[in-house]
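J.: One structure coming up, written as C-alpha cells, with questions to follow.
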Amino acid sequence: MDAVDIETPRLRLKAISGAALAKLRDGDVAGASQIQGAYFSGDFLASVNAAFLTIHLEGLRRNPSAPGWFVRAITRTEDGVIVGHCGFHGAPADLGRAEIGYTIFPPYRRCGYGAEAAQGLVDWARAQGQASVVAAVSPSNTASIALVTKLGFRRVRVQTTGEGADEYVFEIAF
C-alpha cells in the first residue's frame, strides 16, 4: 500500500519508499533518486545515517500497510526540491503514540517550512484518528522548542535518550 502525500500550502510531504530507503542506506543515491522521482542532495545525506534509514526501512517491512507513519521527503510544490525530511518515528501501534520529527536543511531554514511540515503531520495524524501527537526536543534546540510551542504543543515531561541525554517531550491533544 502506498502512503498518500500530505499537501500543505507550499509543500508536499511524500513518503520515502522502502526501495529508495534501501538504496540510500547502501549508498546508491542515484538509484534512490530515480525510484523516488526526486533528487536526494548532499544536505539530505548529511542529515541521515545508516541507523536512521534502517529503522525506517525495518518499520516499513514490519508494517507494509502503514507507510504513512514513517519518513517523508519535504518537497516544495513549486519546484519539487527536497528541503528537508519529516515524519513519524513509527506506527502508533508499535510506539504507543504518534511522535513526529522534522529536519529542514540549512539553506532552507527560516522560511517557515518546518512549521508548515510539522502542522501537516499533526493534521494528518488527527485525520487518522490519533488523540494526540508528541515531539521530543533537545533542551538546547531553541528553534524547535519555539516551533512546537507556536503550533500549540505543551511540554509534558522530560525523558532520557538511549545516549543519556535529556529531551523535553511536548504534546498536542485534540
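Identifiers in the C-alpha cells: chain A, B, ... in order shown; residue index from 1 per chain; ligand index from 1 in order shown.
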Please return as a VMD selection string: the residues of segment 26-159 of chain A that backbone DSSP assigns to strand (DSSP E or B).
T.: chain A and resid 71 to 76 82 to 88 99 to 104 132 to 137 154 to 159
J.: List every residue of chain A that DSSP, applied to the backbone, labels as alpha helix (DSSP H), and write the result as a ChimeraX atom specification.
T.: /A:18-25,29-36,42-47,50-62,92-95,113-127,142-150
J.: Please identify all polymer residues within 9 Å of segment 71-76 of chain A, counting only C-alpha atoms, omitting same-chain residues fewer than 6 positions from it, and present them as a count of residues only.
T.: 26
J.: For Glu116 of chain A, which residue out of A:Val156, A:Leu21, A:Ala143, A:Val148 is the nearest one, using only C-alpha atoms?
T.: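 Among A:Val156, A:Leu21, A:Ala143, A:Val148, it is A:Val148 that comes nearest to Glu116 of chain A.
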J.: May I have the residues within 12 Å of Ala146 of chain A as number ranges by chain, using only C-alpha atoms and disregarding those fewer than 6 positions away in the same chain?
T.: A: 112, 114-115, 137-140, 152-155, 170
